>>> print(open('final-v9.txt').read())   # compact mmCIF, C-alpha atoms and all ligand atoms
# COMPACT_ATOMS: atom_id res chain seq x y z
CA MET A 203 66.99 20.42 -83.58
CA GLN A 204 68.72 18.46 -80.82
CA GLN A 205 68.94 14.74 -81.63
CA VAL A 206 69.31 12.02 -79.00
CA LYS A 207 71.95 9.41 -79.80
CA ILE A 208 70.29 6.04 -79.31
CA GLY A 209 71.86 2.61 -79.01
CA ILE A 210 69.71 -0.48 -79.57
CA ILE A 211 70.48 -3.80 -77.88
CA GLY A 212 68.90 -6.80 -79.56
CA ILE A 213 68.63 -6.45 -83.33
CA GLY A 214 66.02 -9.15 -83.90
CA GLY A 215 62.48 -8.62 -85.15
CA MET A 216 61.65 -5.78 -82.78
CA GLY A 217 65.09 -4.16 -82.67
CA GLN A 218 65.10 -3.94 -86.46
CA ALA A 219 61.56 -2.53 -86.40
CA HIS A 220 62.78 0.19 -84.00
CA ILE A 221 65.65 1.04 -86.35
CA ASN A 222 63.10 1.49 -89.14
CA SER A 223 60.88 3.66 -86.91
CA ILE A 224 63.78 5.87 -85.83
CA ALA A 225 64.70 6.52 -89.48
CA ASP A 226 61.47 8.57 -89.66
CA LEU A 227 62.22 10.63 -86.55
CA LYS A 228 63.91 14.00 -86.33
CA ASN A 229 64.62 14.10 -82.58
CA CYS A 230 66.88 11.01 -82.40
CA TYR A 231 69.02 8.67 -84.45
CA VAL A 232 70.64 5.26 -84.02
CA SER A 233 74.34 5.69 -83.30
CA ALA A 234 75.12 2.14 -82.10
CA VAL A 235 73.71 -1.37 -82.07
CA CYS A 236 74.52 -4.45 -80.04
CA ASP A 237 73.63 -8.10 -80.56
CA ILE A 238 75.28 -11.31 -79.45
CA ASP A 239 74.47 -12.77 -82.87
CA ALA A 240 77.15 -11.49 -85.29
CA GLU A 241 74.85 -12.07 -88.25
CA LYS A 242 72.40 -9.45 -86.94
CA ILE A 243 74.95 -6.65 -86.80
CA LYS A 244 77.15 -7.44 -89.79
CA ASN A 245 75.65 -4.63 -91.87
CA PHE A 246 76.40 -1.93 -89.30
CA ASN A 247 79.78 -0.27 -88.94
CA SER A 248 81.36 3.09 -88.37
CA GLU A 249 81.32 3.72 -92.12
CA ASN A 250 77.54 4.04 -92.05
CA ASN A 251 77.86 5.93 -88.76
CA VAL A 252 76.45 3.14 -86.63
CA GLN A 253 78.85 1.44 -84.24
CA ALA A 254 78.27 -2.31 -83.82
CA PHE A 255 79.05 -4.33 -80.70
CA ALA A 256 78.77 -8.03 -79.95
CA ASP A 257 78.62 -7.71 -76.16
CA SER A 258 76.82 -5.31 -73.90
CA ASP A 259 79.80 -4.47 -71.66
CA THR A 260 81.85 -3.09 -74.54
CA PHE A 261 78.69 -1.45 -75.93
CA PHE A 262 78.06 0.46 -72.70
CA LYS A 263 81.72 1.36 -72.25
CA GLU A 264 82.48 2.47 -75.80
CA ALA A 265 79.32 3.31 -77.73
CA ASP A 266 78.61 6.96 -78.44
CA ILE A 267 75.08 6.91 -77.03
CA GLU A 268 72.93 8.90 -74.60
CA ALA A 269 70.06 6.44 -74.43
CA VAL A 270 69.39 2.78 -75.03
CA ILE A 271 66.45 0.78 -76.33
CA ILE A 272 66.45 -2.78 -75.00
CA ALA A 273 64.87 -5.23 -77.46
CA THR A 274 66.38 -8.52 -76.32
CA PRO A 275 64.41 -11.50 -74.94
CA HIS A 276 62.70 -10.49 -71.67
CA TYR A 277 65.14 -12.02 -69.15
CA PHE A 278 67.78 -9.46 -70.17
CA HIS A 279 65.55 -6.40 -69.85
CA ASN A 280 66.16 -5.75 -66.17
CA THR A 281 69.86 -6.69 -66.12
CA LEU A 282 70.65 -4.55 -69.17
CA ALA A 283 68.57 -1.64 -67.83
CA GLU A 284 70.44 -1.76 -64.52
CA LYS A 285 73.72 -1.81 -66.40
CA ALA A 286 72.59 1.15 -68.52
CA PHE A 287 71.73 3.22 -65.44
CA GLY A 288 75.23 2.50 -64.10
CA TYR A 289 76.65 4.05 -67.29
CA GLY A 290 74.31 7.06 -67.06
CA LYS A 291 72.12 6.12 -70.04
CA HIS A 292 68.40 6.79 -70.43
CA VAL A 293 66.44 3.55 -70.94
CA LEU A 294 63.46 2.55 -73.06
CA THR A 295 62.81 -1.14 -72.48
CA GLU A 296 60.62 -3.47 -74.46
CA LYS A 297 57.68 -5.08 -72.71
CA PRO A 298 57.47 -6.87 -70.34
CA ILE A 299 59.86 -4.79 -68.22
CA ALA A 300 61.08 -8.04 -66.60
CA VAL A 301 60.00 -11.67 -66.33
CA HIS A 302 58.87 -11.50 -62.73
CA LYS A 303 58.00 -8.92 -60.12
CA ALA A 304 61.16 -9.45 -58.02
CA ASP A 305 63.38 -8.58 -61.02
CA ALA A 306 61.18 -5.57 -61.76
CA GLU A 307 61.54 -4.37 -58.15
CA SER A 308 65.31 -4.54 -58.42
CA MET A 309 65.27 -2.67 -61.74
CA ILE A 310 62.95 0.04 -60.43
CA ALA A 311 65.12 0.48 -57.33
CA ALA A 312 68.17 0.93 -59.59
CA ALA A 313 66.28 3.50 -61.68
CA ALA A 314 65.23 5.40 -58.55
CA LYS A 315 68.92 6.10 -57.82
CA HIS A 316 69.09 7.97 -61.15
CA PRO A 317 66.16 10.39 -61.23
CA GLU A 318 68.06 12.37 -63.90
CA LEU A 319 67.61 9.47 -66.36
CA LYS A 320 64.39 8.79 -68.29
CA PHE A 321 63.03 5.29 -67.89
CA ALA A 322 60.27 4.31 -70.33
CA ALA A 323 58.62 1.10 -71.49
CA MET A 324 57.35 0.13 -74.93
CA PHE A 325 53.67 0.15 -74.03
CA ASN A 326 52.90 1.22 -77.57
CA GLN A 327 49.19 0.40 -77.34
CA ARG A 328 48.77 3.38 -75.02
CA THR A 329 49.16 5.56 -78.14
CA ILE A 330 46.11 4.05 -79.86
CA PRO A 331 43.33 6.69 -79.97
CA ALA A 332 40.56 4.23 -78.96
CA HIS A 333 42.57 3.19 -75.88
CA ARG A 334 43.23 6.81 -74.95
CA LYS A 335 39.51 7.56 -75.35
CA ILE A 336 38.49 4.71 -73.03
CA LYS A 337 41.03 5.91 -70.47
CA GLN A 338 39.65 9.45 -70.75
CA LEU A 339 36.03 8.29 -70.33
CA ILE A 340 36.96 6.34 -67.18
CA ASP A 341 39.15 9.08 -65.68
CA ASN A 342 36.57 11.81 -66.40
CA GLY A 343 33.93 9.82 -64.56
CA GLU A 344 31.84 9.57 -67.74
CA LEU A 345 31.16 5.87 -67.04
CA GLY A 346 30.65 6.33 -63.30
CA GLU A 347 31.80 3.73 -60.83
CA ILE A 348 32.86 0.52 -62.53
CA ARG A 349 31.08 -2.67 -61.54
CA ARG A 350 32.42 -5.30 -63.92
CA VAL A 351 35.10 -5.66 -66.57
CA ASN A 352 35.37 -8.46 -69.14
CA TRP A 353 38.25 -8.67 -71.55
CA ILE A 354 38.41 -11.51 -74.07
CA ILE A 355 41.70 -11.13 -75.83
CA THR A 356 42.16 -14.22 -77.92
CA ASP A 357 43.28 -12.64 -81.18
CA TRP A 358 46.94 -13.26 -80.46
CA PHE A 359 47.01 -16.47 -82.52
CA ARG A 360 50.49 -17.93 -82.92
CA SER A 361 51.53 -20.93 -85.07
CA GLU A 362 54.03 -23.68 -84.26
CA ILE A 363 56.63 -22.06 -86.51
CA TYR A 364 56.35 -18.87 -84.50
CA TYR A 365 57.36 -20.77 -81.37
CA THR A 366 60.24 -22.60 -83.06
CA SER A 367 61.51 -19.37 -84.66
CA GLY A 368 63.57 -18.54 -81.56
CA ASP A 369 65.24 -20.90 -79.08
CA TRP A 370 64.23 -18.69 -76.17
CA ARG A 371 60.54 -18.53 -77.05
CA ALA A 372 57.90 -20.29 -74.95
CA THR A 373 60.35 -21.96 -72.56
CA TRP A 374 60.53 -21.34 -68.80
CA LYS A 375 64.26 -20.81 -69.01
CA GLY A 376 64.34 -18.62 -72.12
CA GLU A 377 61.14 -16.63 -71.75
CA GLY A 378 59.61 -17.34 -68.36
CA GLY A 379 56.02 -17.56 -69.57
CA GLY A 380 53.73 -17.61 -72.60
CA VAL A 381 50.74 -15.57 -73.62
CA LEU A 382 50.80 -13.59 -70.36
CA LEU A 383 54.40 -12.56 -70.78
CA ASN A 384 54.82 -12.15 -74.51
CA GLN A 385 51.54 -11.26 -76.20
CA CYS A 386 49.26 -9.93 -73.46
CA PRO A 387 51.53 -7.51 -71.59
CA HIS A 388 49.88 -4.88 -73.81
CA GLN A 389 46.35 -5.69 -72.60
CA LEU A 390 47.55 -6.27 -69.03
CA ASP A 391 49.10 -2.81 -69.14
CA LEU A 392 45.89 -1.28 -70.50
CA LEU A 393 43.90 -3.21 -67.89
CA GLN A 394 45.90 -1.66 -65.05
CA TRP A 395 46.01 1.74 -66.82
CA PHE A 396 42.21 1.77 -67.08
CA PHE A 397 41.13 0.04 -63.88
CA GLY A 398 44.10 -0.12 -61.48
CA VAL A 399 45.46 -3.28 -59.89
CA PRO A 400 43.03 -5.91 -58.55
CA THR A 401 43.22 -7.11 -54.98
CA LYS A 402 42.57 -10.80 -55.75
CA ILE A 403 43.19 -13.04 -58.74
CA ARG A 404 42.09 -16.60 -59.35
CA ALA A 405 43.00 -18.21 -62.67
CA ASN A 406 42.63 -21.35 -64.70
CA GLY A 407 45.21 -21.94 -67.39
CA ALA A 408 46.78 -24.53 -69.63
CA PHE A 409 50.38 -25.14 -70.57
CA GLY A 410 51.02 -26.16 -74.17
CA LYS A 411 47.34 -26.86 -74.78
CA TYR A 412 47.40 -25.84 -78.44
CA HIS A 413 51.12 -25.86 -79.22
CA LYS A 414 54.22 -27.94 -78.56
CA ILE A 415 55.38 -25.59 -75.83
CA GLU A 416 55.82 -25.84 -72.06
CA VAL A 417 54.40 -22.44 -71.07
CA GLU A 418 50.80 -21.20 -70.90
CA ASP A 419 48.92 -20.65 -74.16
CA GLU A 420 45.50 -20.18 -72.57
CA ILE A 421 44.33 -18.37 -69.45
CA THR A 422 41.00 -17.50 -67.88
CA ALA A 423 41.27 -15.29 -64.81
CA PHE A 424 38.78 -13.89 -62.32
CA LEU A 425 39.69 -10.52 -60.80
CA GLU A 426 38.41 -8.62 -57.79
CA TYR A 427 38.97 -4.87 -57.35
CA PRO A 428 39.11 -2.78 -54.16
CA ASN A 429 35.64 -1.26 -54.80
CA GLY A 430 34.10 -4.71 -55.20
CA ALA A 431 34.10 -4.60 -59.01
CA THR A 432 34.87 -7.92 -60.64
CA GLY A 433 36.59 -8.83 -63.86
CA VAL A 434 37.25 -11.72 -66.20
CA PHE A 435 40.32 -11.79 -68.42
CA ILE A 436 40.60 -14.48 -71.10
CA ALA A 437 43.65 -14.86 -73.32
CA SER A 438 44.82 -17.45 -75.81
CA THR A 439 47.29 -17.92 -78.65
CA GLY A 440 45.42 -20.98 -79.92
CA GLU A 441 42.18 -19.54 -81.32
CA ALA A 442 41.39 -18.32 -84.81
CA PRO A 443 39.47 -16.26 -85.49
CA GLY A 444 40.22 -14.67 -82.16
CA THR A 445 38.27 -12.04 -80.26
CA ASN A 446 39.27 -8.71 -78.80
CA ARG A 447 36.25 -7.60 -76.78
CA LEU A 448 36.38 -5.32 -73.77
CA GLU A 449 33.11 -4.83 -71.94
CA ILE A 450 32.89 -2.35 -69.07
CA THR A 451 29.73 -2.27 -67.01
CA ALA A 452 29.42 0.82 -64.86
CA GLU A 453 26.92 3.04 -63.05
CA ARG A 454 26.39 5.12 -66.18
CA GLY A 455 25.91 2.22 -68.56
CA ARG A 456 27.86 -0.25 -70.62
CA LEU A 457 30.81 0.37 -72.92
CA VAL A 458 31.82 -2.28 -75.44
CA TYR A 459 35.02 -2.06 -77.44
CA GLU A 460 35.06 -4.71 -80.16
CA ASP A 461 35.95 -4.91 -83.85
CA GLY A 462 37.69 -1.58 -83.48
CA LYS A 463 34.51 0.26 -82.41
CA ILE A 464 33.58 1.82 -79.08
CA GLU A 465 29.87 1.70 -78.31
CA PHE A 466 28.51 3.21 -75.13
CA LYS A 467 24.94 2.56 -74.00
CA ARG A 468 24.55 5.42 -71.54
CA ASN A 469 21.96 5.26 -68.78
CA GLU A 470 20.05 8.52 -68.44
CA ILE A 471 20.01 7.88 -64.69
CA PRO A 472 22.86 5.99 -62.95
CA VAL A 473 21.75 2.43 -62.34
CA SER A 474 21.89 2.50 -58.51
CA GLU A 475 19.91 5.75 -58.41
CA PHE A 476 17.33 4.27 -60.80
CA SER A 477 17.11 1.12 -58.71
CA ALA A 478 16.53 3.10 -55.51
CA THR A 479 13.96 5.53 -56.92
CA THR A 480 11.95 3.81 -59.67
CA ASP A 481 8.36 2.71 -59.14
CA GLN A 482 8.67 0.05 -61.86
CA ARG A 483 9.29 -3.56 -60.89
CA PHE A 484 10.86 -4.64 -64.18
CA GLY A 485 12.06 -1.40 -65.75
CA THR A 486 15.62 -0.37 -66.56
CA PRO A 487 16.98 3.16 -67.09
CA ASP A 488 16.32 4.82 -70.45
CA LEU A 489 19.36 4.68 -72.71
CA TRP A 490 21.29 6.79 -75.15
CA ASN A 491 23.21 4.79 -77.75
CA ILE A 492 26.52 6.53 -78.35
CA ALA A 493 28.96 5.38 -81.04
CA ILE A 494 32.37 6.85 -80.28
CA ASP A 495 34.25 7.33 -83.50
CA VAL A 496 38.01 7.15 -82.92
CA PRO A 497 40.71 5.12 -84.72
CA SER A 498 41.42 1.75 -83.15
CA SER A 499 44.89 1.42 -84.58
CA ASN A 500 48.02 3.48 -84.89
CA PRO A 501 50.53 2.29 -87.49
CA PHE A 502 53.16 4.48 -85.81
CA GLN A 503 52.59 3.29 -82.25
CA HIS A 504 56.20 2.19 -81.60
CA ARG A 505 57.62 5.22 -83.35
CA ASP A 506 55.42 7.49 -81.21
CA ILE A 507 56.75 5.95 -77.98
CA ILE A 508 60.36 6.40 -79.17
CA GLU A 509 59.69 9.99 -80.25
CA ASP A 510 58.09 10.71 -76.88
CA PHE A 511 61.10 9.13 -75.10
CA ALA A 512 63.59 11.28 -77.05
CA ASN A 513 61.45 14.36 -76.51
CA ALA A 514 61.34 13.67 -72.77
CA ILE A 515 65.15 13.50 -72.73
CA ILE A 516 65.57 16.72 -74.71
CA LYS A 517 63.00 18.73 -72.75
CA ASP A 518 63.45 16.95 -69.41
CA ILE A 519 59.74 16.18 -69.14
CA PRO A 520 57.97 12.94 -68.07
CA VAL A 521 57.61 10.08 -70.55
CA MET A 522 54.20 8.88 -71.77
CA ALA A 523 54.74 5.27 -70.64
CA PRO A 524 56.90 5.21 -67.50
CA ALA A 525 58.62 1.82 -67.11
CA PRO A 526 58.02 1.60 -63.32
CA GLU A 527 54.29 1.28 -64.13
CA GLY A 528 55.24 -1.94 -65.93
CA ILE A 529 55.43 -3.68 -62.58
CA ASN A 530 51.63 -3.58 -62.38
CA SER A 531 50.99 -5.58 -65.56
CA LEU A 532 53.80 -7.92 -64.61
CA GLU A 533 52.31 -8.51 -61.19
CA ILE A 534 48.87 -9.20 -62.66
CA GLY A 535 50.36 -11.70 -65.14
CA ASN A 536 52.60 -13.32 -62.52
CA ALA A 537 49.66 -13.63 -60.13
CA MET A 538 47.51 -15.33 -62.81
CA LEU A 539 50.26 -17.85 -63.44
CA LEU A 540 50.92 -18.38 -59.75
CA SER A 541 47.22 -19.00 -59.20
CA VAL A 542 47.27 -21.71 -61.88
CA ILE A 543 50.46 -23.32 -60.55
CA LYS A 544 49.37 -23.28 -56.88
CA ASP A 545 45.66 -23.76 -57.58
CA LYS A 546 44.77 -20.96 -55.18
CA THR A 547 43.54 -17.38 -55.07
CA ILE A 548 46.37 -14.84 -55.02
CA ASP A 549 46.09 -11.69 -52.88
CA LEU A 550 47.74 -8.59 -54.31
CA PRO A 551 50.24 -7.08 -53.71
CA MET A 552 51.67 -10.55 -54.22
CA ASP A 553 54.78 -12.01 -52.66
CA SER A 554 57.29 -11.47 -55.45
CA ASN A 555 59.66 -14.12 -54.06
CA GLU A 556 56.95 -16.77 -54.03
CA PHE A 557 56.53 -16.42 -57.78
CA ALA A 558 60.30 -16.24 -58.44
CA VAL A 559 60.75 -19.51 -56.49
CA GLU A 560 57.95 -21.23 -58.41
CA LEU A 561 59.34 -20.06 -61.75
CA GLN A 562 62.78 -21.37 -60.80
CA LYS A 563 61.22 -24.76 -59.98
CA LEU A 564 59.61 -24.82 -63.45
CA ILE A 565 62.99 -24.04 -64.99
CA ASP A 566 64.83 -26.66 -62.89
CA ASN A 567 62.24 -29.39 -63.46
CA SER A 568 61.76 -28.76 -67.17
CA LYS A 569 62.07 -31.89 -69.30
CA PHE A 570 60.89 -30.06 -72.40
CA THR A 571 63.01 -30.37 -75.53
CA LYS A 572 62.46 -27.66 -78.06
CA GLU A 573 62.24 -28.56 -81.70
CA ALA A 574 65.10 -27.30 -83.84
CA SER A 575 64.75 -23.60 -84.53
CA ALA A 576 63.06 -22.85 -87.81
CA GLY A 577 64.56 -19.35 -87.92
CA MET A 578 62.67 -16.22 -88.95
CA PRO A 579 61.00 -16.45 -92.35
CA ALA A 580 62.95 -13.81 -94.28
CA GLU A 581 60.02 -12.32 -96.16
CA GLU A 582 57.59 -12.05 -93.23
CA ASP A 583 56.10 -8.69 -92.27
CA PHE A 584 57.03 -8.32 -88.58
CA SER A 585 54.45 -5.58 -88.06
CA ARG A 586 51.74 -8.27 -88.31
CA SER A 587 52.95 -9.44 -84.88
CA PHE A 588 51.75 -6.24 -83.13
N1 LIG B 601 56.20 -3.85 -78.27
C1 LIG B 601 55.87 -4.76 -79.17
O1 LIG B 601 54.87 -4.62 -79.91
C2 LIG B 601 56.71 -6.00 -79.31
C3 LIG B 601 56.55 -6.87 -80.40
C4 LIG B 601 57.40 -7.96 -80.50
C5 LIG B 601 58.37 -8.20 -79.53
N2 LIG B 601 58.47 -7.36 -78.46
C6 LIG B 601 59.47 -7.60 -77.40
O2 LIG B 601 60.77 -7.41 -77.94
C7 LIG B 601 61.68 -8.31 -77.33
C8 LIG B 601 62.42 -9.05 -78.44
O3 LIG B 601 61.50 -9.78 -79.20
P1 LIG B 601 61.84 -10.17 -80.74
O4 LIG B 601 60.60 -10.75 -81.27
O5 LIG B 601 62.47 -9.00 -81.42
O6 LIG B 601 62.93 -11.32 -80.50
P2 LIG B 601 64.05 -11.82 -81.49
O7 LIG B 601 64.46 -13.17 -81.04
O8 LIG B 601 63.61 -11.62 -82.91
O9 LIG B 601 65.26 -10.80 -81.22
C9 LIG B 601 66.00 -10.75 -80.02
C10 LIG B 601 67.43 -10.35 -80.36
O10 LIG B 601 68.14 -10.15 -79.15
C11 LIG B 601 69.46 -10.71 -79.29
N3 LIG B 601 69.98 -10.96 -77.96
C12 LIG B 601 69.65 -11.95 -77.10
N4 LIG B 601 70.30 -11.82 -75.94
C13 LIG B 601 71.06 -10.71 -76.06
C14 LIG B 601 71.97 -10.04 -75.18
N5 LIG B 601 72.18 -10.47 -73.94
N6 LIG B 601 72.60 -8.93 -75.63
C15 LIG B 601 72.39 -8.47 -76.90
N7 LIG B 601 71.54 -9.08 -77.78
C16 LIG B 601 70.88 -10.17 -77.34
C17 LIG B 601 69.23 -11.94 -80.16
O11 LIG B 601 70.43 -12.39 -80.77
C18 LIG B 601 68.19 -11.44 -81.15
O12 LIG B 601 68.79 -10.87 -82.29
C19 LIG B 601 60.86 -9.24 -76.42
O13 LIG B 601 61.01 -8.86 -75.08
C20 LIG B 601 59.42 -9.02 -76.87
O14 LIG B 601 58.48 -9.14 -75.82
C21 LIG B 601 57.67 -6.27 -78.36
>>> encode(input="final-v9.txt", output="structure tokens", more="lines below")
Ligand SMILES: NC(=O)c1ccc[n+]([C@@H]2O[C@H](COP(=O)([O-])OP(=O)(O)OC[C@H]3O[C@@H](n4cnc5c(N)ncnc54)[C@H](O)[C@@H]3O)[C@@H](O)[C@H]2O)c1
Amino acid sequence: MQQVKIGIIGIGGMGQAHINSIADLKNCYVSAVCDIDAEKIKNFNSENNVQAFADSDTFFKEADIEAVIIATPHYFHNTLAEKAFGYGKHVLTEKPIAVHKADAESMIAAAAKHPELKFAAMFNQRTIPAHRKIKQLIDNGELGEIRRVNWIITDWFRSEIYYTSGDWRATWKGEGGGVLLNQCPHQLDLLQWFFGVPTKIRANGAFGKYHKIEVEDEITAFLEYPNGATGVFIASTGEAPGTNRLEITAERGRLVYEDGKIEFKRNEIPVSEFSATTDQRFGTPDLWNIAIDVPSSNPFQHRDIIEDFANAIIKDIPVMAPAPEGINSLEIGNAMLLSVIKDKTIDLPMDSNEFAVELQKLIDNSKFTKEASAGMPAEEDFSRSF
């Protein structure tokens, strides 16, 4: 079987997890790694058939690779991807695809000049069967027209030591955002995958409300969609126990996804038809209670995205999670933050420069001093971060 030679840039928590995932795959292998931290790559060398590089220029020039996985902090995703395209390498980038929409636009324009190269993003939660089922129910019209969407996603709790475990984390300069940019890109991607991009966003948020950080650790956003549907998106890294509850109210009834279960209360008659035709003043449509039994987790979610990426390269077919779609979740997250900063409603498509300028002001005006890095606890199971 043909095997794609993959190089990984950024051998931290996620980069190492990708190395472990690839060890299980037959359609690719890791032929090179790159990290600016010598400690992270000291165990790789040509003797174990993995080339190690301490800078990306030499890596791209000399590494024996066909494709690259970018697992560095977010600010480097777009610059490294653009560099990779210049060297004719296929790219799978970690989420978010960039820190702000303007950088994503530049990266997507660079990718468009190389249609022969695959360009995927690590939206691993798209592989989860429950998420695929919800997408299928929406796309098949099973729910009918959507009227309201509520997503409470507050089970991304993070401790102080998490934030001090990396100098770049939770700073405007090193990360460019908080819960919207690090933890919630998965749900923001699913939100746009399920429901498309809203036309208006108004948000309330707090910076360092529950942690000694300067970026947002809580957000409550109100969304408006082109068909008039509304939405509320609530995220936090400060709550425990947290909630992951998606409620979709539609013509055909109400779907709730919570505690790993999908429950659909299906109206026998669509609600607007019932409203227009019933002779009852206080009645509601008769219901069927449907429990949809699909797994709500996938322990191999990252591995599946990498396998799909390698397969797409070998067979020259589309990838499951195209990176250009990552601009949608980024725009939604950027717009929420911009709404908080400017205390105004943001119309979408948003002005990408407006957000880039505001982010630069936050970086320039930052007086925040990060506590000394606590490093990564050696024995911690990184998969608990997913
Ligand atoms: N898909 C997921 O489920 C998931 C989970 C966790 C993290 N992530 C993403 O992975 C990325 C990395 O997160 P992490 O938790 O592994 O961070 P980390 O700090 O553990 O690792 C980042 C690594 O990148 C290296 N690095 C930094 N700049 C570099 C450069 N210019 N060139 C080469 N190496 C460089 C660092 O030395 C470090 O080893 C982030 O963008 C994050 O959002 C995704």
>>> residues_near_ligand(input="final-v9.txt", ligand="ligand LIG 601 (chain B)", cutoff="7 Å", atoms="all atoms listed in the file", output="PyMOL selection string")
chain A and resi 211-217+236-239+242+257-258+273-276+278+296-298+324-326+368+384+504+587-588
>>> closest_residue(input="final-v9.txt", among="A:Pro524, A:Gly535, A:Gly440, A:Gly376", to="Ile310 in chain A", atoms="all atoms listed in the file")
A:Pro524
>>> residues_near_point(input="final-v9.txt", point="(27.1, 6.9, -66.2)", cutoff="9 Å", atoms="all atoms listed in the file", output="ChimeraX atom specification")
/A:343-347,452-456,468-473
>>> residues_around(input="final-v9.txt", residues="Met522 in chain A", least_positions_apart="3", cutoff="9 Å", atoms="all atoms listed in the file", output="short mmCIF file (atom, residue, chain, number, x, y, z; two decimals) with C-alpha atoms, keeping the file's coordinate frame")
data_model
loop_
_atom_site.label_atom_id
_atom_site.label_comp_id
_atom_site.auth_asym_id
_atom_site.auth_seq_id
_atom_site.Cartn_x
_atom_site.Cartn_y
_atom_site.Cartn_z
CA ALA A 322 60.27 4.31 -70.33
CA ALA A 323 58.62 1.10 -71.49
CA ARG A 328 48.77 3.38 -75.02
CA THR A 329 49.16 5.56 -78.14
CA ILE A 507 56.75 5.95 -77.98
CA ASP A 510 58.09 10.71 -76.88
CA PHE A 511 61.10 9.13 -75.10
CA ALA A 514 61.34 13.67 -72.77
#
>>> atom_distance(input="final-v9.txt", atom1="CA of Glu268 in chain A", atom2="CA of Ile208 in chain A")
6.1 Å
>>> residues_around(input="final-v9.txt", residues="range 401-406 of chain A", least_positions_apart="2", cutoff="9 Å", atoms="only C-alpha atoms", output="list in words")
Val399, Ala408, Glu420, Ile421, Thr422, Ala423, Phe424, Leu425, Glu426, Tyr427, Pro428, Ile534, Ala537, Met538, Leu539, Leu540, Ser541, Val542, Asp545, Lys546, Thr547, Ile548, Asp549, Leu550 and Pro551 of chain A
>>> atom_distance(input="final-v9.txt", atom1="CA of Ala219 in chain A", atom2="CA of Ile271 in chain A")
11.7 Å
>>> atom_distance(input="final-v9.txt", atom1="CA of Gly528 in chain A", atom2="CA of Leu282 in chain A")
16.0 Å
>>> closest_residue(input="final-v9.txt", among="A:Trp395, A:Phe484, A:Tyr365, A:Trp370", to="His413 in chain A", atoms="only C-alpha atoms")
A:Tyr365
>>> closest_atom_pairs(input="final-v9.txt", of="range 329-408 of chain A", to="range 458-463 of chain A", cutoff="10 Å", atoms="all atoms listed in the file", output="CSV")
residue,atom,partner,partner_atom,distance
A:Ala332,CA,A:Gly462,CA,7.9
A:His333,CA,A:Tyr459,CA,9.3
A:Ile336,CA,A:Tyr459,CA,8.8
A:Asn352,CA,A:Val458,CA,9.5
A:Trp353,CA,A:Tyr459,CA,9.4
A:Ile354,CA,A:Glu460,CA,9.7
>>> write_last_selection(input="final-v9.txt", atoms="C-alpha atoms", output="CSV table (one decimal), in the coordinates of the input")
chain,number,residue,atom,x,y,z
A,332,ALA,CA,40.6,4.2,-79.0
A,333,HIS,CA,42.6,3.2,-75.9
A,336,ILE,CA,38.5,4.7,-73.0
A,352,ASN,CA,35.4,-8.5,-69.1
A,353,TRP,CA,38.2,-8.7,-71.6
A,354,ILE,CA,38.4,-11.5,-74.1
>>> axis_aligned_box(input="final-v9.txt", around="range 386-398 of chain A", padding_each_side="6 Å", output="JSON")
{"center_x": 46.3, "center_y": -4.1, "center_z": -67.6, "size_x": 22.4, "size_y": 23.7, "size_z": 24.3}
>>> residues_around(input="final-v9.txt", residues="range 563-568 of chain A", least_positions_apart="4", cutoff="7 Å", atoms="only C-alpha atoms", output="list in words")
Trp374, Lys375 and Val559 of chain A
>>> write_last_selection(input="final-v9.txt", atoms="C-alpha atoms", output="short mmCIF file (atom, residue, chain, number, x, y, z; two decimals), in the frame of the given file")
data_model
loop_
_atom_site.label_atom_id
_atom_site.label_comp_id
_atom_site.auth_asym_id
_atom_site.auth_seq_id
_atom_site.Cartn_x
_atom_site.Cartn_y
_atom_site.Cartn_z
CA TRP A 374 60.53 -21.34 -68.80
CA LYS A 375 64.26 -20.81 -69.01
CA VAL A 559 60.75 -19.51 -56.49
#
>>> decode(input="final-v9.txt", residues="range 231-251 of chain A", atoms="C-alpha atoms", output="PDB file, in the first residue's frame")
ATOM      1  CA  TYR A 231       4.110   7.415   8.427  1.00  0.00           C
ATOM      2  CA  VAL A 232       6.093  10.170  10.144  1.00  0.00           C
ATOM      3  CA  SER A 233       9.328  10.771   8.252  1.00  0.00           C
ATOM      4  CA  ALA A 234      10.327  14.104   9.848  1.00  0.00           C
ATOM      5  CA  VAL A 235       9.560  16.334  12.806  1.00  0.00           C
ATOM      6  CA  CYS A 236      10.288  19.974  13.533  1.00  0.00           C
ATOM      7  CA  ASP A 237      10.188  21.941  16.769  1.00  0.00           C
ATOM      8  CA  ILE A 238      11.975  25.067  17.905  1.00  0.00           C
ATOM      9  CA  ASP A 239      12.396  23.442  21.324  1.00  0.00           C
ATOM     10  CA  ALA A 240      15.379  21.068  21.072  1.00  0.00           C
ATOM     11  CA  GLU A 241      14.114  19.053  24.024  1.00  0.00           C
ATOM     12  CA  LYS A 242      10.993  18.024  22.064  1.00  0.00           C
ATOM     13  CA  ILE A 243      12.913  16.497  19.173  1.00  0.00           C
ATOM     14  CA  LYS A 244      15.947  15.042  20.917  1.00  0.00           C
ATOM     15  CA  ASN A 245      14.631  11.480  20.631  1.00  0.00           C
ATOM     16  CA  PHE A 246      14.188  11.643  16.855  1.00  0.00           C
ATOM     17  CA  ASN A 247      17.019  11.119  14.396  1.00  0.00           C
ATOM     18  CA  SER A 248      17.799   9.450  11.125  1.00  0.00           C
ATOM     19  CA  GLU A 249      18.679   6.258  12.999  1.00  0.00           C
ATOM     20  CA  ASN A 250      15.031   5.730  13.877  1.00  0.00           C
ATOM     21  CA  ASN A 251      14.123   6.922  10.382  1.00  0.00           C
TER      22      ASN A 251
END
